[in-house]
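Visitor: Pasting model-v4.csv here (CSV, C-alpha atoms):
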```
chain,number,residue,atom,x,y,z
A,13,MET,CA,13.4,-4.1,2.5
A,14,PRO,CA,11.7,-7.3,3.7
A,15,LYS,CA,12.9,-10.7,2.7
A,16,THR,CA,9.8,-12.3,4.2
A,17,LEU,CA,6.2,-11.2,4.0
A,18,ILE,CA,4.2,-12.7,6.9
A,19,VAL,CA,0.5,-13.2,6.1
A,20,PRO,CA,-1.7,-14.1,9.0
A,21,VAL,CA,-4.9,-16.1,8.2
A,22,ASP,CA,-7.6,-17.5,10.3
A,23,GLY,CA,-9.4,-19.9,8.0
A,24,SER,CA,-11.8,-17.2,6.6
A,25,GLU,CA,-11.9,-15.8,3.0
A,26,ALA,CA,-11.6,-12.3,4.5
A,27,SER,CA,-8.2,-13.1,5.9
A,28,GLU,CA,-7.0,-14.5,2.6
A,29,ARG,CA,-7.5,-11.1,0.9
A,30,ALA,CA,-4.0,-10.2,2.0
A,31,LEU,CA,-2.4,-13.1,0.2
A,32,PRO,CA,-2.6,-11.8,-3.4
A,33,VAL,CA,-1.4,-8.4,-2.1
A,34,ALA,CA,1.6,-10.1,-0.5
A,35,ARG,CA,2.3,-12.1,-3.7
A,36,THR,CA,2.3,-9.0,-5.8
A,37,LEU,CA,4.6,-7.2,-3.4
A,38,ALA,CA,7.0,-10.2,-3.2
A,39,ALA,CA,7.2,-10.4,-7.0
A,40,GLN,CA,7.9,-6.7,-7.3
A,41,LEU,CA,10.5,-6.6,-4.5
A,42,GLY,CA,12.3,-9.7,-5.7
A,43,ASN,CA,14.1,-12.2,-3.5
A,44,CYS,CA,11.2,-12.1,-1.1
A,45,ASP,CA,9.2,-15.1,0.1
A,46,ILE,CA,5.8,-15.4,1.9
A,47,LEU,CA,5.2,-17.1,5.2
A,48,VAL,CA,1.5,-17.8,5.8
A,49,ILE,CA,0.8,-18.3,9.5
A,50,ALA,CA,-2.2,-19.3,11.6
A,51,ALA,CA,-2.5,-19.2,15.3
A,52,ALA,CA,-4.9,-21.4,17.3
A,53,PRO,CA,-5.2,-23.2,20.6
A,54,ALA,CA,-4.1,-26.8,20.5
A,55,ASP,CA,-7.7,-28.0,20.3
A,56,ASP,CA,-8.1,-26.3,16.9
A,57,ALA,CA,-4.7,-27.0,15.5
A,58,ASP,CA,-5.5,-30.0,13.2
A,59,ALA,CA,-8.2,-28.1,11.3
A,60,LEU,CA,-6.0,-25.1,10.7
A,61,ARG,CA,-3.0,-27.2,9.8
A,62,ALA,CA,-5.1,-28.9,7.0
A,63,TYR,CA,-6.3,-25.4,5.9
A,64,LEU,CA,-2.8,-24.1,5.6
A,65,ASP,CA,-1.8,-27.2,3.6
A,66,THR,CA,-4.7,-26.4,1.2
A,67,LEU,CA,-3.6,-22.8,0.9
A,68,ALA,CA,0.0,-23.8,0.0
A,69,GLU,CA,-1.2,-26.4,-2.5
A,70,ARG,CA,-3.6,-23.8,-4.1
A,71,ALA,CA,-0.8,-21.3,-4.4
A,72,GLY,CA,1.3,-23.7,-6.4
A,73,THR,CA,4.6,-21.9,-5.9
A,74,ASP,CA,7.7,-22.5,-3.7
A,75,VAL,CA,7.9,-18.9,-2.5
A,76,ILE,CA,5.0,-19.6,-0.1
A,77,ARG,CA,5.6,-21.4,3.3
A,78,THR,CA,3.2,-22.1,6.0
A,79,ASP,CA,3.4,-22.3,9.8
A,80,LEU,CA,0.9,-23.2,12.5
A,81,VAL,CA,1.5,-21.6,15.9
A,82,GLU,CA,-0.3,-23.1,18.8
A,83,ASP,CA,-1.2,-20.0,20.7
A,84,ALA,CA,-4.6,-18.7,21.8
A,85,ASP,CA,-3.4,-15.1,21.3
A,86,PRO,CA,-3.1,-14.5,17.5
A,87,ALA,CA,-1.7,-11.0,17.8
A,88,ALA,CA,1.1,-12.2,20.0
A,89,ALA,CA,1.8,-15.1,17.7
A,90,ILE,CA,2.0,-12.7,14.7
A,91,ALA,CA,4.3,-10.3,16.5
A,92,ARG,CA,6.6,-13.2,17.6
A,93,ALA,CA,6.7,-14.6,14.0
A,94,ALA,CA,7.8,-11.2,12.7
A,95,GLU,CA,10.4,-10.9,15.4
A,96,ASN,CA,11.8,-14.3,14.7
A,97,ALA,CA,11.9,-14.0,10.9
A,98,SER,CA,14.8,-12.2,9.3
A,99,ASP,CA,13.8,-8.8,7.6
A,100,ALA,CA,10.1,-9.6,7.9
A,101,MET,CA,7.1,-7.4,7.2
A,102,ILE,CA,3.5,-8.3,8.2
A,103,CYS,CA,0.8,-8.1,5.5
A,104,MET,CA,-2.7,-8.7,6.8
A,105,ALA,CA,-6.3,-8.2,6.0
A,106,THR,CA,-8.4,-6.2,8.4
A,107,HIS,CA,-12.1,-5.7,9.0
A,108,GLY,CA,-11.5,-2.0,9.4
A,109,ARG,CA,-14.7,0.1,9.7
A,110,GLY,CA,-15.1,3.6,8.8
A,111,ARG,CA,-17.1,6.8,9.5
A,112,LEU,CA,-20.5,5.2,9.4
A,113,ALA,CA,-19.7,2.2,11.6
A,114,ALA,CA,-17.8,1.3,14.7
A,115,PRO,CA,-14.3,2.8,14.3
A,116,LEU,CA,-12.3,-0.4,14.7
A,117,LEU,CA,-9.4,-1.7,12.7
A,118,GLY,CA,-10.2,-5.1,14.0
A,119,SER,CA,-9.0,-6.3,17.3
A,120,VAL,CA,-6.1,-8.4,16.0
A,121,ALA,CA,-4.8,-5.8,13.6
A,122,THR,CA,-5.0,-3.1,16.3
A,123,GLU,CA,-3.1,-5.3,18.8
A,124,VAL,CA,-0.5,-6.2,16.2
A,125,LEU,CA,0.2,-2.5,15.6
A,126,ARG,CA,0.7,-2.1,19.3
A,127,GLN,CA,3.2,-4.9,19.6
A,128,VAL,CA,5.4,-4.5,16.5
A,129,SER,CA,7.8,-1.6,15.8
A,130,ASP,CA,7.9,-2.0,12.1
A,131,PRO,CA,5.2,-0.9,9.6
A,132,VAL,CA,2.4,-3.3,8.8
A,133,VAL,CA,0.7,-3.6,5.4
A,134,LEU,CA,-3.1,-3.5,6.0
A,135,VAL,CA,-5.5,-4.7,3.4
A,136,GLY,CA,-8.9,-3.2,3.9
A,137,PRO,CA,-12.2,-4.6,2.7
A,138,HIS,CA,-12.4,-2.2,-0.3
A,139,CYS,CA,-8.8,-2.8,-1.5
A,140,GLU,CA,-9.3,-3.4,-5.3
A,141,PRO,CA,-8.1,-6.5,-7.0
A,142,ALA,CA,-6.3,-4.4,-9.5
A,143,TRP,CA,-4.6,-2.2,-6.9
A,144,TRP,CA,-1.1,-2.3,-8.4
A,145,HIS,CA,-0.3,0.6,-10.7
A,146,ASP,CA,2.8,1.3,-12.9
A,147,PRO,CA,4.8,3.2,-12.1
A,148,PRO,CA,4.3,2.3,-8.4
A,149,ARG,CA,3.4,5.3,-6.3
A,150,VAL,CA,3.9,5.3,-2.5
A,151,VAL,CA,1.8,8.2,-1.0
A,152,VAL,CA,2.6,9.3,2.6
A,153,CYS,CA,-0.2,10.8,4.5
A,154,TRP,CA,1.7,13.3,6.7
A,155,CYS,CA,0.5,15.5,9.5
A,156,GLY,CA,3.7,16.9,11.0
A,157,GLN,CA,6.1,15.6,13.6
A,158,PRO,CA,3.8,12.8,15.0
A,159,SER,CA,3.8,11.1,11.6
A,160,ASN,CA,7.6,11.3,10.9
A,161,SER,CA,8.1,7.7,11.7
A,162,ILE,CA,6.4,6.6,8.4
A,163,LEU,CA,8.7,8.8,6.2
A,164,ARG,CA,11.8,6.5,6.2
A,165,PRO,CA,10.0,3.2,5.6
A,166,ALA,CA,7.9,4.9,2.9
A,167,ARG,CA,11.0,6.2,1.1
A,168,GLU,CA,12.7,2.8,1.4
A,169,LEU,CA,9.7,1.0,-0.1
A,170,ALA,CA,9.4,3.5,-2.9
A,171,GLU,CA,13.0,3.0,-3.8
A,172,ALA,CA,12.8,-0.8,-3.5
A,173,LEU,CA,9.8,-0.7,-5.9
A,174,GLU,CA,11.6,1.8,-8.2
A,175,GLY,CA,8.6,4.0,-7.9
A,176,GLU,CA,7.5,7.5,-7.0
A,177,LEU,CA,7.3,9.0,-3.5
A,178,CYS,CA,4.5,11.5,-2.7
A,179,VAL,CA,3.8,13.3,0.5
A,180,GLN,CA,0.3,14.7,1.1
A,181,SER,CA,-1.4,16.5,3.9
A,182,VAL,CA,-5.0,17.5,4.5
A,183,PHE,CA,-5.7,21.0,5.7
A,184,HIS,CA,-8.9,22.4,6.9
A,185,PRO,CA,-10.5,25.0,4.5
A,186,LEU,CA,-10.3,27.6,7.3
A,187,ASP,CA,-6.6,27.2,7.7
A,188,THR,CA,-5.5,30.5,6.2
A,189,HIS,CA,-1.9,30.0,7.2
A,190,MET,CA,-1.6,27.0,4.9
A,191,ALA,CA,-3.4,28.8,2.1
A,192,GLU,CA,-0.7,31.4,2.1
A,193,ASN,CA,2.2,28.9,1.6
A,194,PRO,CA,0.8,25.3,1.1
A,195,LEU,CA,4.1,23.8,0.0
A,196,GLY,CA,6.0,25.4,2.8
A,197,GLU,CA,4.1,23.2,5.2
A,198,PHE,CA,6.1,20.2,3.9
A,199,GLU,CA,9.6,21.5,4.6
A,200,ALA,CA,10.0,19.4,7.8
A,201,ALA,CA,9.0,16.3,5.9
A,202,LEU,CA,11.4,17.0,3.0
A,203,GLU,CA,14.3,17.6,5.4
A,204,ARG,CA,13.7,14.2,7.1
A,205,ILE,CA,13.3,12.3,3.7
A,206,GLY,CA,16.5,13.8,2.3
A,207,ALA,CA,17.3,15.9,-0.7
A,208,ASP,CA,18.6,13.0,-2.8
A,209,ILE,CA,15.2,11.8,-3.9
A,210,ASP,CA,12.4,13.5,-5.9
A,211,VAL,CA,9.2,13.9,-3.8
A,212,HIS,CA,5.8,15.0,-5.2
A,213,LEU,CA,4.0,17.3,-2.7
A,214,LEU,CA,0.2,17.1,-2.6
A,215,PRO,CA,-1.6,19.6,-0.3
A,216,LEU,CA,-5.3,18.7,0.1
A,217,THR,CA,-8.1,20.8,1.5
A,218,SER,CA,-11.0,19.2,3.3
A,219,ASP,CA,-12.9,19.1,6.6
A,220,TYR,CA,-13.1,15.3,6.2
A,221,PRO,CA,-9.4,14.1,6.1
A,222,ALA,CA,-10.1,10.4,5.5
A,223,GLY,CA,-12.4,11.1,2.6
A,224,ALA,CA,-9.9,13.4,1.0
A,225,LEU,CA,-7.1,10.9,1.3
A,226,VAL,CA,-9.2,8.0,-0.2
A,227,ARG,CA,-10.3,10.2,-3.0
A,228,SER,CA,-6.8,11.3,-3.7
A,229,ALA,CA,-5.7,7.6,-3.7
A,230,ARG,CA,-8.2,6.9,-6.4
A,231,GLU,CA,-7.4,9.9,-8.6
A,232,LEU,CA,-3.6,9.6,-8.6
A,233,PRO,CA,-3.8,6.5,-8.5
A,234,ALA,CA,-1.8,5.5,-5.4
A,235,THR,CA,-0.2,2.0,-5.3
A,236,LEU,CA,0.3,2.2,-1.5
A,237,LEU,CA,-0.7,4.7,1.1
A,238,ALA,CA,1.5,5.1,4.1
A,239,MET,CA,0.3,6.4,7.5
A,240,THR,CA,0.8,6.5,11.3
A,241,THR,CA,-1.6,6.2,14.1
A,242,HIS,CA,-2.1,8.2,17.3
A,243,ALA,CA,-1.4,11.7,15.9
A,244,ARG,CA,-3.4,14.8,15.0
A,245,THR,CA,-4.3,16.5,11.8
A,246,GLY,CA,-3.9,20.2,11.7
A,247,ILE,CA,-6.8,22.6,12.6
A,248,ALA,CA,-9.3,19.8,12.1
A,249,ARG,CA,-8.0,18.2,15.3
A,250,ALA,CA,-9.1,14.8,14.2
A,251,ALA,CA,-7.3,11.9,15.9
A,252,LEU,CA,-5.3,10.3,13.2
A,253,GLY,CA,-5.9,6.9,14.7
A,254,SER,CA,-9.6,7.2,13.6
A,255,VAL,CA,-8.5,8.8,10.3
A,256,THR,CA,-6.2,5.9,9.7
A,257,MET,CA,-9.0,3.4,10.5
A,258,ASP,CA,-11.4,5.2,8.2
A,259,VAL,CA,-8.8,5.3,5.4
A,260,VAL,CA,-7.9,1.6,5.7
A,261,HIS,CA,-11.6,0.7,5.5
A,262,HIS,CA,-12.2,2.6,2.3
A,263,SER,CA,-8.8,2.7,0.6
A,264,PRO,CA,-8.6,1.2,-2.9
A,265,CYS,CA,-5.1,0.1,-2.2
A,266,PRO,CA,-3.1,-1.4,0.7
A,267,VAL,CA,-2.0,0.9,3.5
A,268,LEU,CA,1.4,0.8,5.1
A,269,VAL,CA,0.8,1.6,8.8
A,270,VAL,CA,3.2,2.2,11.7
A,271,GLY,CA,1.8,2.5,15.2
A,272,GLY,CA,2.7,6.0,16.1
A,273,PRO,CA,5.8,8.1,16.8
A,274,ARG,CA,9.0,6.3,17.7
```
Take the structure in this file and express it as structure tokens.
Guide:
Amino acid sequence: MPKTLIVPVDGSEASERALPVARTLAAQLGNCDILVIAAAPADDADALRAYLDTLAERAGTDVIRTDLVEDADPAAAIARAAENASDAMICMATHGRGRLAAPLLGSVATEVLRQVSDPVVLVGPHCEPAWWHDPPRVVVCWCGQPSNSILRPARELAEALEGELCVQSVFHPLDTHMAENPLGEFEAALERIGADIDVHLLPLTSDYPAGALVRSARELPATLLAMTTHARTGIARAALGSVTMDVVHHSPCPVLVVGGPR
């Protein structure tokens, strides 16, 4: 589990939404500090350096460190910071947009997911201030082999938080095969997760996968969702990249995302 949570900021209040999420995660994980970073060309460095000093002073705790990276490519700077730090995880806000708007996670977040191999915690615009729930519940949104890469980190996080692990899949209402044996569809996931941990299985039926996942997150409630990108969801044939973006935008809790199969 991470020893450092890297929180990228850009001087906006929107980017700071990831900071309280990181602080909660760090407190729950224990022995974990927070590195707040900002990337900017040299011409803008002084203003962002003063901004980072203000953030650190406002935080009022020694678990938060700051660093300014003079780089015009923020995604590359974030990826490099994660690579250089020991046992680091990125936790960042995104201006993800959903079904009724342009389907973009935000150019920086999207590029970070392309450049890093480890999962990234994304904090969407509808993540609720009171998102943490006890007991913590990590809910994997699984769609078969292409999303296997999220199973191990989701299990590790659930164990580190001493919480529950759930695996859910969304099936189309016309998928009669699933209707005959809904829990059987999870056998491959359970085999990869391992038999030494209890897993709650949640088959969902909907022709709108993202809506079903967000609704389930509210009803459970989920503490963290966990997803991959660049996969497909059953008979609905919806690209999971777009489903993930939609979920991040509307989710009431942070979303742990890994950028596709590895």
Visitor: Would you kindly return, as a list in words, each protein, DNA or RNA residue with an atom no farther than 6 Å from any atom of Thr217 (chain A), considering only C-alpha atoms and excluding same-chain residues fewer than 6 positions away?
Guide: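 Once the nearby chain positions are removed, what remains is Val182, Phe183, His184 and Pro185 of chain A.
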Visitor: Choose the residue, out of A:Leu173, A:Met239, A:Val19, A:Val260, that has the smallest atom-to-atom separation from Trp144 (chain A); count all atoms listed in the file.
Guide: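 Using all atoms listed in the file, Trp144 (chain A) sits closest to A:Leu173.
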Visitor: For Pro141 (chain A), list every protein, DNA or RNA residue within 10 Å, evaluated using only C-alpha atoms, and leave out those in the same chain fewer than 4 positions away; present the list as a list in words.
Guide: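 What passes the distance filter is Arg29, Pro32, Val33, Pro264 and Cys265 of chain A.
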Visitor: I want to know what sits within 9 Å of Ala222 (chain A), based on only C-alpha atoms, with residues of the same chain fewer than 2 positions away left out; could you give that as a list in words?
Guide: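 Those residues are Arg111, Val182, Tyr220, Ala224, Leu225, Val226, Arg227, Ser254, Val255, Thr256, Met257, Asp258, Val259 and His262 of chain A.
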Visitor: Rank nothing, just name the residue among A:Ile18, A:Val120, A:Val48, A:Val152 nearest to Ala170 (chain A), using all atoms listed in the file.
Guide: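 Closest to Ala170 (chain A), using all atoms listed in the file: A:Val152.
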Visitor: Neighbouring residues of Gln127 (chain A) were defined as those with any atom within 12 Å, considering all atoms listed in the file; residues of the same chain fewer than 5 positions away were excluded. Please report them as a list of chain:residue names.
Guide: A:Pro86, A:Ala87, A:Ala88, A:Ala89, A:Ile90, A:Ala91, A:Arg92, A:Ala93, A:Ala94, A:Glu95, A:Ile102, A:Val120, A:Ala121, A:Thr122, A:Val132, A:Val270, A:Gly271, A:Gly272
Visitor: How far is it from CA of Leu17 (chain A) to CA of Glu168 (chain A), in Å with one decimal?
Guide: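 Between CA of Leu17 (chain A) and CA of Glu168 (chain A) the gap is 15.7 Å.
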Visitor: Under the rule that all atoms listed in the file are counted, which of A:Met101, A:Asn193, A:Ala200, A:Ser24 is the nearest residue to Tyr63 (chain A)?
Guide: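 Closest candidate: A:Ser24.
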Visitor: When distances are computed from only C-alpha atoms, which of A:Pro137, A:Pro221, A:Gly206, A:Gly72 shows the smallest separation from Trp154 (chain A)?
Guide: A:Pro221
Visitor: Interatomic distance between CA of Ala142 (chain A) and CA of Thr235 (chain A)?
Guide: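 Interatomic distance, CA of Ala142 (chain A) to CA of Thr235 (chain A): 9.8 Å.
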Visitor: If we count all atoms listed in the file and set the cut-off at 8 Å, which residues sit around region 64-68 of chain A, ignoring sequence neighbours fewer than 6 positions away in its own chain? Please answer as number ranges by chain.
Guide: A: 48-50, 76-80
Visitor: Would you mind reading off the distance between CA of Pro266 (chain A) and CA of His145 (chain A), one decimal, in Å?
Guide: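 Here the two named atoms are 11.9 Å from each other.
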Visitor: Choose the residue, out of A:Asp146, A:Asp99, A:Asp58, A:Glu174, that has the smallest atom-to-atom separation from Asp130 (chain A); count all atoms listed in the file.
Guide: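 The closest residue to Asp130 (chain A) is A:Asp99.
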Visitor: Nearest to Ala30 (chain A): which of A:Leu237, A:His212, A:Ala229, A:Thr106 is it, counting all atoms listed in the file?
Guide: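 Of A:Leu237, A:His212, A:Ala229, A:Thr106, the one nearest Ala30 (chain A) is A:Thr106, counting all atoms listed in the file.
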